[in-house]
Amino acid sequence: MFIANNNTRTTTSISPIKWLLLATINLLVITQATASEFTANKLNVNELNTKQYSISQGGLKKELNNQRHNNVIEAAKLTETPDQLSGRATSKTRELVLSNQNKLINKAKKRGLSRSNSRDYSADFAIYGATSLLQDDYDGDGFYQTFSVIFDADIYSYTENKLGEVYALLYIRKNGGPWTHYFTTDTFIIEGDTDIDEYEVITTFLSGYSSDHYDVLIDLYQEGYSELVATYSSDDSNALYALTLESADYDEPYIEPYIEVIEVRGGSIFWLALLLLSTYLMRLYPLHVKSICQLKPSKLNQ
């Protein structure tokens, strides 16, 4: 009778502890799931809010000595208005840009204004060649946040005038994807087929460009006309092919920390709490049983 009563009292006393353990485990599981969902949503929001921003500066190569070249790069890093917000870059696909320009040309032709919108056929234009330079790889991973594109545009005139006013739209693509517009140059003058009019565009990717291989394309236009007169891309030269680039937010140098920071995630919290709870119950259970066994039979039978 004593043993039966003892077992009965012991079972009855442990049941609330089991319920407490079960409730704690369920609460931790729900907490972990909620934390994981919150983290995933936060990552998705950050990814959506990451815009592709860049800053570029162009000029005749002969006017950009080493000092001025470095000054342009340093000034670009301090800018508060990237080209995508100032209108120098539209981030539109090349297909869309050409489609819009063709619409303008067709409308002009219908109105008899083809002279001001279609190209001047008294001269031919071409891009003779292009080169690229990579600069600023602070984390040493082989991907650069600053690069230059240098190209030589030529004019072949059927008249005595061997000068032409042109400007260029520059596009970039990642891993064979669509070409996107990242800069429009100012108007500059080219002369015949010499290389003294080489034009350089210095670009720094500020954000949104992941570490990858990028191709560059250059579209040339005659000032005052909407029709494309010449194009040059990675299909024409390896100098514009598979450039190893990344934006500044991916090019952060590693600094060894002096203080070790331990990050505890949802899963770690769950197992840590479970371990602490289990340890507490294991210590509590022998004391509880011991206190019951020390009770007198008269107390147990009550």
# chains A, B, ... in the order shown; residues from 1 in each chain; ligands from 1

call {"tool": "residues_around", "arguments": {"residues": "A:His69", "least_positions_apart": "6", "cutoff": "12 Å", "atoms": "only C-alpha atoms", "output": "list of chain:residue names"}}
result
A:Ser56, A:Gln57, A:Gly58, A:Gly59, A:Leu60, A:Lys61, A:Lys62, A:Glu63, A:Ala75, A:Ala76, A:Leu133, A:Gln135, A:Thr146, A:Phe147, A:Ser148, A:Glu200, A:Val201, A:Ile202, A:Thr203

call {"tool": "select_by_dssp", "arguments": {"residues": "stretch 59-234 of chain A", "states": "helix (DSSP H, G or I)", "output": "VMD selection string"}}
result
chain A and resid 61 to 63 66 to 77 83 to 86 94 to 110 114 to 117

call {"tool": "atom_distance", "arguments": {"atom1": "atom CA of A:Trp179", "atom2": "atom CA of A:Asp219"}}
result
11.4 Å

call {"tool": "residues_around", "arguments": {"residues": "A:Thr231", "least_positions_apart": "3", "cutoff": "8 Å", "atoms": "only C-alpha atoms", "output": "MDAnalysis selection string"}}
result
chainID A and resid 126:127 217:220 228

call {"tool": "closest_residue", "arguments": {"among": "A:Leu206, A:Leu96, A:Ala130, A:Ile196", "to": "A:Pro82", "atoms": "only C-alpha atoms"}}
result
A:Leu206

call {"tool": "residues_around", "arguments": {"residues": "A:Ala248", "least_positions_apart": "3", "cutoff": "7 Å", "atoms": "only C-alpha atoms", "output": "PyMOL selection string"}}
result
chain A and resi 145+205-207+251-252

call {"tool": "closest_residue", "arguments": {"among": "A:Val216, A:Ala123, A:Leu104, A:Leu85", "to": "A:Thr159", "atoms": "only C-alpha atoms"}}
result
A:Ala123
